[in-house]
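S.K.: Dropping in work_14.cif, which is mmCIF, C-alpha atoms:
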data_query
loop_
_atom_site.label_atom_id
_atom_site.label_comp_id
_atom_site.auth_asym_id
_atom_site.auth_seq_id
_atom_site.Cartn_x
_atom_site.Cartn_y
_atom_site.Cartn_z
CA MET N 1 2.30 -31.57 -4.78
CA SER N 2 5.23 -29.62 -3.37
CA VAL N 3 6.50 -26.39 -4.86
CA GLU N 4 8.79 -27.14 -7.76
CA HIS N 5 11.36 -24.89 -9.26
CA ARG N 6 12.52 -26.59 -12.45
CA PHE N 7 14.71 -24.91 -15.02
CA ARG N 8 14.74 -25.98 -18.64
CA GLU N 9 17.54 -25.12 -21.02
CA ASN N 10 15.70 -21.95 -21.96
CA THR N 11 15.39 -21.08 -18.25
CA LEU N 12 11.57 -21.28 -18.13
CA SER N 13 10.50 -21.70 -14.49
CA TYR N 14 7.45 -23.50 -13.14
CA TYR N 15 5.76 -23.49 -9.74
CA SER N 16 2.87 -25.43 -8.24
CA VAL N 17 -0.36 -23.44 -8.12
CA GLU N 18 -2.14 -25.85 -5.74
CA HIS N 19 0.55 -25.51 -3.06
CA LEU N 20 0.77 -21.73 -3.03
CA HIS N 21 -2.78 -20.73 -4.04
CA PRO N 22 -5.29 -23.40 -2.87
CA PHE N 23 -8.45 -21.56 -3.91
CA LYS N 24 -8.31 -21.87 -7.69
CA ARG N 25 -5.92 -22.72 -10.47
CA LEU N 26 -4.71 -19.58 -12.22
CA ARG N 27 -2.59 -18.96 -15.29
CA LEU N 28 -0.23 -16.13 -15.94
CA ASN N 29 -1.03 -14.11 -19.04
CA GLY N 30 -4.65 -14.32 -17.92
CA ILE N 31 -7.16 -11.65 -16.98
CA PHE N 32 -7.64 -10.72 -13.33
CA SER N 33 -10.20 -8.36 -11.83
CA SER N 34 -12.48 -7.97 -8.85
CA ARG N 35 -14.80 -5.90 -11.07
CA GLY N 36 -15.24 -8.31 -13.94
CA ASP N 37 -13.13 -8.47 -17.06
CA ILE N 38 -10.85 -5.41 -17.26
CA GLY N 39 -8.79 -6.98 -20.04
CA MET N 40 -5.36 -6.75 -18.39
CA ARG N 41 -2.74 -9.25 -19.49
CA THR N 42 0.34 -9.96 -17.40
CA ARG N 43 3.66 -11.72 -17.87
CA PHE N 44 6.28 -12.51 -15.25
CA PHE N 45 9.99 -13.07 -15.89
CA HIS N 46 12.49 -14.53 -13.41
CA VAL N 47 15.71 -13.04 -14.78
CA THR N 48 18.94 -14.86 -13.92
CA LEU N 49 21.52 -13.15 -16.12
CA PRO N 50 25.05 -14.48 -15.55
CA LEU N 51 27.61 -12.00 -14.22
CA LYS N 52 30.93 -11.57 -16.02
CA ARG N 53 32.61 -11.60 -12.61
CA PRO N 54 31.31 -12.63 -9.18
CA PHE N 55 30.24 -10.00 -6.68
CA ALA N 56 30.82 -10.80 -3.00
CA HIS N 57 30.29 -9.31 0.43
CA MET N 58 30.12 -10.72 3.95
CA ALA N 59 26.47 -11.79 3.64
CA HIS N 60 26.37 -13.26 0.15
CA LYS N 61 28.24 -14.11 -3.03
CA ARG N 62 26.45 -13.64 -6.34
CA THR N 63 27.20 -15.02 -9.81
CA THR N 64 23.86 -14.24 -11.51
CA SER N 65 21.12 -11.68 -11.25
CA ASP N 66 17.96 -12.67 -9.38
CA SER N 67 15.22 -10.26 -10.41
CA VAL N 68 11.52 -10.56 -11.12
CA VAL N 69 10.20 -8.45 -14.00
CA LEU N 70 6.48 -7.88 -14.55
CA MET N 71 4.89 -6.67 -17.78
CA ILE N 72 1.25 -5.57 -17.83
CA GLU N 73 -0.73 -4.82 -20.99
CA HIS N 74 -4.04 -2.99 -20.88
CA GLN N 75 -5.94 -0.99 -23.49
CA GLY N 76 -3.00 -1.19 -25.89
CA VAL N 77 -0.54 0.27 -23.36
CA THR N 78 2.35 -1.60 -21.69
CA GLY N 79 3.95 -1.01 -18.29
CA ILE N 80 6.92 -2.81 -16.73
CA GLY N 81 8.38 -3.19 -13.25
CA GLU N 82 11.19 -5.00 -11.46
CA CYS N 83 12.12 -6.11 -7.97
CA ALA N 84 15.28 -7.81 -6.68
CA PRO N 85 14.21 -10.04 -3.77
CA ARG N 86 16.95 -11.04 -1.33
CA LYS N 87 15.80 -13.61 1.22
CA TYR N 88 18.46 -12.58 3.73
CA VAL N 89 17.11 -8.98 3.70
CA THR N 90 13.30 -9.07 3.42
CA GLY N 91 12.66 -12.83 3.60
CA GLU N 92 11.22 -12.87 0.07
CA THR N 93 12.19 -15.12 -2.81
CA ALA N 94 11.37 -14.72 -6.50
CA GLU N 95 8.73 -17.45 -6.24
CA GLN N 96 7.01 -15.77 -3.30
CA VAL N 97 7.01 -12.39 -5.05
CA ILE N 98 5.40 -13.85 -8.17
CA TRP N 99 2.61 -15.46 -6.21
CA SER N 100 1.99 -12.44 -4.01
CA VAL N 101 1.63 -10.19 -7.05
CA ASN N 102 -0.36 -12.79 -8.95
CA SER N 103 -2.92 -12.84 -6.16
CA ALA N 104 -3.02 -9.03 -5.88
CA LEU N 105 -3.72 -8.64 -9.61
CA LYS N 106 -7.30 -9.75 -8.93
CA SER N 107 -7.84 -7.11 -6.26
CA ARG N 108 -9.95 -3.97 -6.22
CA GLY N 109 -6.77 -1.96 -5.57
CA VAL N 110 -5.37 -2.76 -9.01
CA ALA N 111 -8.63 -1.82 -10.69
CA GLU N 112 -8.64 1.44 -8.73
CA ALA N 113 -5.04 2.14 -9.73
CA LEU N 114 -5.79 1.67 -13.42
CA GLU N 115 -8.49 4.34 -13.15
CA ALA N 116 -6.27 6.86 -11.31
CA SER N 117 -3.80 9.39 -12.65
CA PRO N 118 -0.13 8.50 -12.05
CA ILE N 119 0.24 11.41 -9.59
CA GLU N 120 -2.93 10.36 -7.77
CA PHE N 121 -1.71 6.76 -7.55
CA LEU N 122 1.82 7.54 -6.31
CA SER N 123 0.58 10.16 -3.86
CA GLY N 124 -2.05 7.72 -2.63
CA MET N 125 0.53 4.97 -2.10
CA LEU N 126 2.79 7.41 -0.26
CA ASN N 127 0.05 8.80 1.96
CA GLY N 128 -1.99 5.69 2.75
CA ASP N 129 -4.97 6.05 0.40
CA LYS N 130 -7.26 3.11 1.26
CA ARG N 131 -8.16 2.60 -2.40
CA PHE N 132 -4.71 1.14 -2.98
CA SER N 133 -4.36 -0.79 0.28
CA ASP N 134 -4.36 -4.15 -1.53
CA ILE N 135 -1.11 -3.09 -3.20
CA ALA N 136 0.39 -1.20 -0.24
CA SER N 137 -0.08 -4.21 2.07
CA LEU N 138 2.01 -6.54 -0.10
CA PRO N 139 5.47 -7.63 1.08
CA ASN N 140 8.09 -5.06 0.09
CA ASN N 141 9.46 -6.57 -3.12
CA ALA N 142 6.03 -7.62 -4.35
CA ARG N 143 4.72 -4.12 -3.63
CA CYS N 144 7.67 -2.63 -5.52
CA LEU N 145 7.13 -4.86 -8.56
CA LEU N 146 3.41 -4.17 -8.92
CA GLU N 147 3.58 -0.48 -8.04
CA MET N 148 6.36 0.15 -10.58
CA ALA N 149 4.57 -1.68 -13.40
CA LEU N 150 1.35 0.23 -12.70
CA LEU N 151 3.17 3.57 -12.51
CA ASP N 152 4.94 2.88 -15.79
CA TRP N 153 1.62 1.93 -17.40
CA LEU N 154 -0.15 5.03 -16.05
CA CYS N 155 2.69 7.27 -17.26
CA HIS N 156 2.64 5.78 -20.76
CA ALA N 157 -1.15 6.03 -20.89
CA ARG N 158 -0.85 9.78 -20.23
CA SER N 159 2.48 10.47 -22.00
CA ILE N 160 4.34 11.64 -18.89
CA ALA N 161 7.77 10.81 -17.48
CA LEU N 162 8.06 9.12 -14.11
CA CYS N 163 10.33 11.88 -12.78
CA ASP N 164 7.55 14.43 -13.30
CA VAL N 165 5.15 12.23 -11.32
CA ILE N 166 7.65 11.90 -8.47
CA ALA N 167 8.29 15.65 -8.47
CA ALA N 168 4.57 16.44 -8.29
CA SER N 169 3.86 13.81 -5.63
CA PHE N 170 6.80 14.78 -3.40
CA GLU N 171 6.89 18.51 -4.17
CA SER N 172 10.44 18.41 -5.46
CA GLY N 173 12.26 19.56 -8.59
CA LEU N 174 14.30 18.01 -11.38
CA MET N 175 18.09 17.90 -11.50
CA PRO N 176 19.80 16.96 -14.78
CA SER N 177 22.52 14.69 -13.38
CA LYS N 178 23.97 13.18 -10.21
CA GLU N 179 27.43 12.13 -9.10
CA ILE N 180 27.59 8.49 -8.05
CA THR N 181 29.40 6.11 -5.70
CA ARG N 182 31.93 3.54 -6.87
CA VAL N 183 31.98 0.20 -5.03
CA LEU N 184 35.06 -1.90 -4.22
CA ASP N 185 34.19 -5.51 -3.42
CA GLY N 186 36.34 -8.51 -2.55
CA HIS N 187 36.81 -9.60 -6.16
CA ARG N 188 38.36 -6.32 -7.31
CA ASN N 189 42.06 -5.53 -7.27
CA LEU N 190 42.65 -2.25 -5.44
CA ASP N 191 45.24 -0.90 -7.85
CA ASP N 192 43.03 -1.73 -10.84
CA PHE N 193 40.08 -0.08 -9.11
CA LEU N 194 42.02 3.13 -8.46
CA SER N 195 43.39 3.30 -11.98
CA SER N 196 40.18 2.51 -13.85
CA ASP N 197 37.11 3.47 -11.81
CA GLY N 198 37.60 7.19 -11.10
CA PRO N 199 36.87 10.02 -10.81
CA PHE N 200 35.76 9.24 -7.27
CA HIS N 201 32.94 11.23 -5.69
CA CYS N 202 32.27 8.63 -2.98
CA ILE N 203 33.64 5.12 -2.44
CA LYS N 204 31.98 2.17 -0.74
CA VAL N 205 34.26 -0.64 0.46
CA LYS N 206 32.76 -4.06 1.06
CA ALA N 207 34.36 -5.34 4.27
CA THR N 208 36.12 -8.72 4.19
CA ILE N 209 37.08 -11.25 6.87
CA ASN N 210 40.59 -9.78 6.85
CA SER N 211 40.28 -6.61 8.93
CA GLN N 212 43.93 -5.64 8.54
CA SER N 213 43.60 -5.80 4.77
CA ASP N 214 40.48 -3.60 4.98
CA ILE N 215 42.40 -1.03 7.05
CA GLU N 216 45.22 -0.95 4.50
CA THR N 217 42.67 -0.61 1.69
CA VAL N 218 40.98 2.37 3.34
CA GLU N 219 44.33 4.02 4.06
CA LYS N 220 45.34 3.73 0.40
CA LEU N 221 41.97 4.98 -0.80
CA ARG N 222 42.13 7.99 1.50
CA GLU N 223 45.65 8.79 0.36
CA SER N 224 44.52 8.55 -3.27
CA ILE N 225 41.27 10.56 -3.17
CA GLY N 226 42.15 13.17 -0.58
CA PRO N 227 40.37 14.29 2.60
CA ASN N 228 37.03 15.55 1.30
CA ARG N 229 35.31 12.50 -0.18
CA ASP N 230 33.28 9.95 1.80
CA ILE N 231 34.57 6.40 2.20
CA ILE N 232 31.79 4.09 3.41
CA VAL N 233 32.67 0.68 4.85
CA ASP N 234 29.85 -1.84 4.45
CA ALA N 235 30.05 -4.85 6.80
CA ASN N 236 26.75 -6.37 5.61
CA MET N 237 25.89 -7.51 9.16
CA GLY N 238 29.13 -9.50 9.29
CA TRP N 239 30.85 -8.17 12.45
CA THR N 240 30.47 -9.25 16.05
CA ASP N 241 30.18 -6.64 18.79
CA GLU N 242 33.85 -6.99 19.67
CA ASN N 243 35.34 -6.79 16.18
CA ALA N 244 32.87 -4.04 15.24
CA ARG N 245 34.29 -1.82 17.99
CA SER N 246 37.86 -2.60 17.06
CA SER N 247 37.36 -2.40 13.28
CA MET N 248 35.35 0.82 13.34
CA ALA N 249 37.90 2.58 15.52
CA LYS N 250 40.83 1.52 13.34
CA LEU N 251 39.03 2.09 10.03
CA GLY N 252 37.90 5.50 11.23
CA ARG N 253 41.49 6.47 11.92
CA ALA N 254 42.44 5.12 8.48
CA GLY N 255 39.95 7.43 6.78
CA ALA N 256 36.51 5.77 6.72
CA THR N 257 33.68 8.24 7.29
CA LEU N 258 30.59 6.03 7.63
CA PHE N 259 29.89 2.41 8.60
CA GLU N 260 27.02 0.51 7.01
CA GLU N 261 25.21 -2.26 8.90
CA PRO N 262 28.06 -3.34 11.21
CA LEU N 263 25.98 -5.79 13.31
CA PRO N 264 23.24 -8.36 12.63
CA ALA N 265 20.00 -6.66 11.60
CA ARG N 266 17.81 -4.66 13.99
CA ARG N 267 20.02 -4.76 17.06
CA TYR N 268 19.11 -1.15 17.66
CA LEU N 269 20.26 -0.86 21.28
CA ASP N 270 23.62 -2.45 20.47
CA LEU N 271 23.98 -0.10 17.51
CA ALA N 272 23.27 2.88 19.76
CA ASP N 273 25.95 1.69 22.17
CA LEU N 274 28.37 1.15 19.27
CA ARG N 275 27.78 4.69 18.02
CA ALA N 276 28.38 6.13 21.48
CA THR N 277 31.51 4.14 22.32
CA THR N 278 33.27 4.46 18.95
CA ASN N 279 32.05 7.96 18.04
CA GLN N 280 31.63 6.67 14.49
CA PRO N 281 28.49 7.22 12.36
CA ILE N 282 26.34 4.27 11.30
CA MET N 283 24.19 3.77 8.21
CA LEU N 284 21.40 1.17 8.19
CA ASP N 285 20.56 -1.02 5.22
CA GLU N 286 19.41 -4.57 6.02
CA SER N 287 17.90 -3.26 9.28
CA LEU N 288 15.87 -0.70 7.32
CA CYS N 289 13.05 -2.36 5.40
CA THR N 290 9.99 -0.47 6.63
CA LEU N 291 9.06 2.97 7.85
CA GLN N 292 8.61 1.44 11.29
CA ASP N 293 12.23 0.20 11.19
CA GLY N 294 13.41 3.73 10.53
CA GLU N 295 11.27 5.21 13.28
CA GLU N 296 12.51 2.67 15.82
CA ALA N 297 16.16 3.19 14.86
CA ILE N 298 15.78 6.96 15.26
CA ALA N 299 13.94 6.60 18.57
CA ARG N 300 16.74 4.41 19.93
CA SER N 301 19.56 6.69 18.66
CA SER N 302 20.88 3.86 16.48
CA VAL N 303 21.41 5.58 13.16
CA ASP N 304 23.09 8.49 11.37
CA ALA N 305 22.11 7.60 7.79
CA PHE N 306 19.64 5.48 5.83
CA ASN N 307 20.55 3.34 2.83
CA ILE N 308 17.29 3.50 0.88
CA ARG N 309 16.76 0.95 -1.90
CA ILE N 310 13.59 1.00 -3.98
CA SER N 311 13.05 -2.76 -4.11
CA LYS N 312 13.96 -3.50 -0.47
CA ASN N 313 11.86 -0.61 0.84
CA GLY N 314 8.61 -1.32 -0.97
CA GLY N 315 8.81 0.59 -4.22
CA ILE N 316 9.10 4.26 -5.06
CA SER N 317 6.42 5.20 -2.54
CA GLY N 318 8.17 3.23 0.21
CA ALA N 319 11.47 4.90 -0.63
CA LEU N 320 9.85 8.33 -0.60
CA GLY N 321 8.31 7.63 2.80
CA LEU N 322 11.75 6.87 4.25
CA ILE N 323 13.27 9.92 2.56
CA ARG N 324 10.56 12.07 4.13
CA LEU N 325 11.31 10.51 7.54
CA ALA N 326 15.04 11.14 7.10
CA GLN N 327 14.48 14.75 6.10
CA SER N 328 12.20 15.44 9.06
CA SER N 329 14.58 13.73 11.53
CA GLY N 330 17.91 15.16 10.41
CA ILE N 331 19.10 11.76 9.18
CA ARG N 332 21.35 11.60 6.13
CA TRP N 333 20.32 9.22 3.37
CA GLN N 334 21.73 7.60 0.27
CA LEU N 335 19.87 6.10 -2.65
CA GLY N 336 21.30 2.61 -2.94
CA VAL N 337 20.98 -0.24 -5.40
CA GLN N 338 21.00 -4.00 -5.09
CA VAL N 339 23.63 -5.92 -7.01
CA ALA N 340 22.63 -7.13 -10.47
CA GLU N 341 19.40 -5.21 -11.03
CA VAL N 342 18.50 -5.82 -14.66
CA GLY N 343 16.85 -2.65 -15.98
CA PRO N 344 13.48 -1.29 -14.83
CA LEU N 345 14.78 -0.83 -11.26
CA VAL N 346 17.87 0.92 -12.58
CA ALA N 347 15.71 3.34 -14.54
CA ALA N 348 13.42 3.96 -11.55
CA GLU N 349 16.44 4.83 -9.42
CA ARG N 350 17.59 7.34 -12.03
CA HIS N 351 14.20 9.06 -11.90
CA LEU N 352 14.24 9.17 -8.10
CA ALA N 353 17.88 10.30 -7.87
CA CYS N 354 17.36 13.16 -10.30
CA THR N 355 14.16 14.34 -8.62
CA VAL N 356 14.66 14.31 -4.86
CA GLY N 357 17.62 16.23 -3.43
CA GLY N 358 19.42 16.21 -0.10
CA TYR N 359 21.13 12.87 -0.54
CA LEU N 360 24.42 11.74 0.99
CA THR N 361 25.32 9.84 -2.18
CA VAL N 362 23.73 7.87 -5.00
CA GLU N 363 24.68 4.37 -6.08
CA ALA N 364 24.19 3.57 -9.75
CA GLY N 365 24.79 -0.16 -10.08
CA ILE N 366 27.30 -1.88 -12.32
CA GLY N 367 25.08 -3.67 -14.81
CA ASP N 368 26.95 -2.11 -17.71
CA GLU N 369 30.14 -3.70 -16.36
CA ILE N 370 28.92 -7.15 -15.31
CA PHE N 371 26.32 -8.15 -17.94
CA ASP N 372 27.10 -9.29 -21.48
CA GLU N 373 23.51 -8.65 -22.56
CA PHE N 374 20.58 -6.60 -21.35
CA VAL N 375 16.85 -7.22 -21.05
CA VAL N 376 15.83 -3.56 -21.49
CA ASP N 377 16.46 -1.09 -24.25
CA PRO N 378 18.05 1.37 -23.82
CA TYR N 379 19.98 0.25 -20.73
CA PRO N 380 20.53 3.29 -18.43
CA THR N 381 24.33 3.21 -18.54
CA PRO N 382 26.13 5.72 -16.29
CA ASP N 383 28.60 8.20 -17.69
CA ARG N 384 31.73 6.34 -16.60
CA LYS N 385 34.02 9.13 -17.76
CA ASN N 386 32.57 11.45 -15.11
CA ASN N 387 30.80 8.90 -12.85
CA THR N 388 27.44 10.58 -13.16
CA ILE N 389 23.92 9.51 -14.13
CA ILE N 390 21.22 11.30 -16.08
CA LEU N 391 17.47 10.88 -16.47
CA PRO N 392 16.33 8.28 -19.02
CA PRO N 393 14.43 10.03 -21.83
CA GLY N 394 10.83 9.32 -22.72
CA ASP N 395 7.61 8.49 -20.92
CA GLY N 396 7.33 6.34 -17.82
CA LEU N 397 10.57 4.65 -16.86
CA GLY N 398 12.10 5.50 -20.22
CA VAL N 399 13.05 1.88 -21.00
CA GLN N 400 11.32 -1.02 -22.75
CA LEU N 401 11.85 -4.76 -22.52
CA SER N 402 14.10 -6.20 -25.23
CA SER N 403 13.65 -9.55 -26.93
CA ASN N 404 16.24 -11.03 -24.54
CA ILE N 405 13.60 -10.99 -21.80
CA ASN N 406 11.77 -13.90 -23.45
CA LYS N 407 14.50 -16.29 -22.29
CA TYR N 408 13.21 -15.78 -18.76
CA ASN N 409 9.45 -16.05 -19.24
CA THR N 410 7.84 -17.71 -16.22
CA ALA N 411 4.66 -19.79 -16.47
CA LEU N 412 2.33 -21.47 -13.98
CA THR N 413 0.93 -24.95 -14.59
#
Please, can you express the file's structure as structure tokens?

M.R.:
Amino acid sequence: MSVEHRFRENTLSYYSVEHLHPFKRLRLNGIFSSRGDIGMRTRFFHVTLPLKRPFAHMAHKRTTSDSVVLMIEHQGVTGIGECAPRKYVTGETAEQVIWSVNSALKSRGVAEALEASPIEFLSGMLNGDKRFSDIASLPNNARCLLEMALLDWLCHARSIALCDVIAASFESGLMPSKEITRVLDGHRNLDDFLSSDGPFHCIKVKATINSQSDIETVEKLRESIGPNRDIIVDANMGWTDENARSSMAKLGRAGATLFEEPLPARRYLDLADLRATTNQPIMLDESLCTLQDGEEAIARSSVDAFNIRISKNGGISGALGLIRLAQSSGIRWQLGVQVAEVGPLVAAERHLACTVGGYLTVEAGIGDEIFDEFVVDPYPTPDRKNNTIILPPGDGLGVQLSSNINKYNTALT
């Protein structure tokens, strides 16, 4: 039987076990262990919340969220995690993430994680502890989903906030708030954006197919915000070599300060040539999924900044590994988000942003502006009056799943 992806009115999703896992039929909400019955229950949710307005860039247009949320329950304690798989970035889909994690739940690595402290687990994931290799070897979004749920569970089991675990694992300190980037995409009116979305600490402009319009947009933004704030132009891999050279030169003169992913992914030598011939700095996003990607880009002189996203880069430990590489190599970095994250990822980014310093800028997402309802409580809404974020209060991620999440429960048959 082929893989099926059928949606009922209540958005329950089903997939074929035989096709994706030929060894045995498994059920979600079951108990998985390589050491016998450890009594862990799991639930997966494929969350497709509709957006109040579309979000578009040169690689994709989105009208709903597309996140996988995992809830684990063990010894009376609950932990949650989220990933936002994007096939055009890491090659993963929601279905593939669910099955990768479902298989890993039976592994020794999960049993080892449940017996570790949260600091021991995160430090081990960051530094290659073999006990957790079953989790660390998962594809990036699957690794993010399982690692985050386990970290949240471990934090709740020991009454500790995730930010304190990150600080101890990465030898960093806590900062109460962060200024954030505002993003202008193709569905926003420029005048409305300028009048309603400030104050502006940093602006990211999603490039369009109309380069002259983009130049005029950047000119008006620069005139409005003054000379000292960054304006990042994100091409999302949408330019050819020829129009990248032309566009970057003209947009640089108009006031852009950084160019994100101007060419198709991982064309490191062409990126190095583009940097040299335009004298414009380049930030990598879609080209930067693994630590090895970052090392190759640096070795080939292809990059000035990293766009680090927790889900794309393999969880908090994967993000920290890239931050450590950036810091040691003199590369600037920003903490980015993926459009339409639904809650646990948003909270995790708050904890990371307010723990590790030295960033170029921090993106905060726009869930509070594009969703009519939320699947976590409380939702980590930014302070839109000042365009800042703060740490979520409480243990772990600081958020819990709301009853709305049950609309997206995913089962295996």

S.K.: Skipping near chain neighbours, those fewer than 4 positions away, what residues fall within 12 Å of Ile180 in chain N using only C-alpha atoms, listed as a VMD selection string?

M.R.: chain N and resid 197 to 204 229 to 230 334 to 337 349 to 350 353 to 354 359 to 366 382 to 390

S.K.: Tell me, counting only C-alpha atoms, for each residue of range 138-256 of chain N within 9 Å of range 398-402 of chain N, which pair of atoms is nearest and how far apart they are in Å to one decimal, in rows ordered by chain and increasing number, as a Markdown table.

M.R.:
| residue | atom | partner | partner_atom | distance |
| --- | --- | --- | --- | --- |
| N:Asp152 | CA | N:Gly398 | CA | 8.8 |
| N:Ala161 | CA | N:Gly398 | CA | 7.4 |
| N:Leu162 | CA | N:Gly398 | CA | 8.2 |

S.K.: For Leu51 in chain N, please output as a list of chain:residue names all residues within 7 Å (counting only C-alpha atoms; exclusion window: fewer than 6 positions along the same chain).

M.R.: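 Near neighbours after the sequence-gap exclusion: N:Thr63, N:Thr64, N:Ile370, N:Phe371.
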
S.K.: What separation in Å, quoted to one decimal, exists between CA of Ala157 in chain N and CA of Gly394 in chain N?

M.R.: 12.6 Å

S.K.: Do you know which residues are at most 10 Å from Leu194 in chain N counting all atoms listed in the file, after dropping those on the same chain fewer than 6 positions away, and could you put them as a short mmCIF file (atom, residue, chain, number, x, y, z; two decimals) with C-alpha atoms, keeping the file's coordinate frame?

M.R.:
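Output file selection_28.cif is given in full below:
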data_model
loop_
_atom_site.label_atom_id
_atom_site.label_comp_id
_atom_site.auth_asym_id
_atom_site.auth_seq_id
_atom_site.Cartn_x
_atom_site.Cartn_y
_atom_site.Cartn_z
CA LEU N 184 35.06 -1.90 -4.22
CA PHE N 200 35.76 9.24 -7.27
CA LYS N 220 45.34 3.73 0.40
CA LEU N 221 41.97 4.98 -0.80
CA SER N 224 44.52 8.55 -3.27
CA ILE N 225 41.27 10.56 -3.17
#

S.K.: Apply the PyMOL selection byres ((chain N and resi 253) around 12) to the structure shown and report the selected residues as a list in words.

M.R.: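 Selected by the PyMOL selection byres ((chain N and resi 253) around 12) in this file: Ile215, Glu216, Val218, Glu219, Arg222, Ile231, Ser246, Ser247, Met248, Ala249, Lys250, Leu251, Gly252, Ala254, Gly255, Ala256, Thr257, Leu258, Thr278, Asn279 and Gln280 of chain N.
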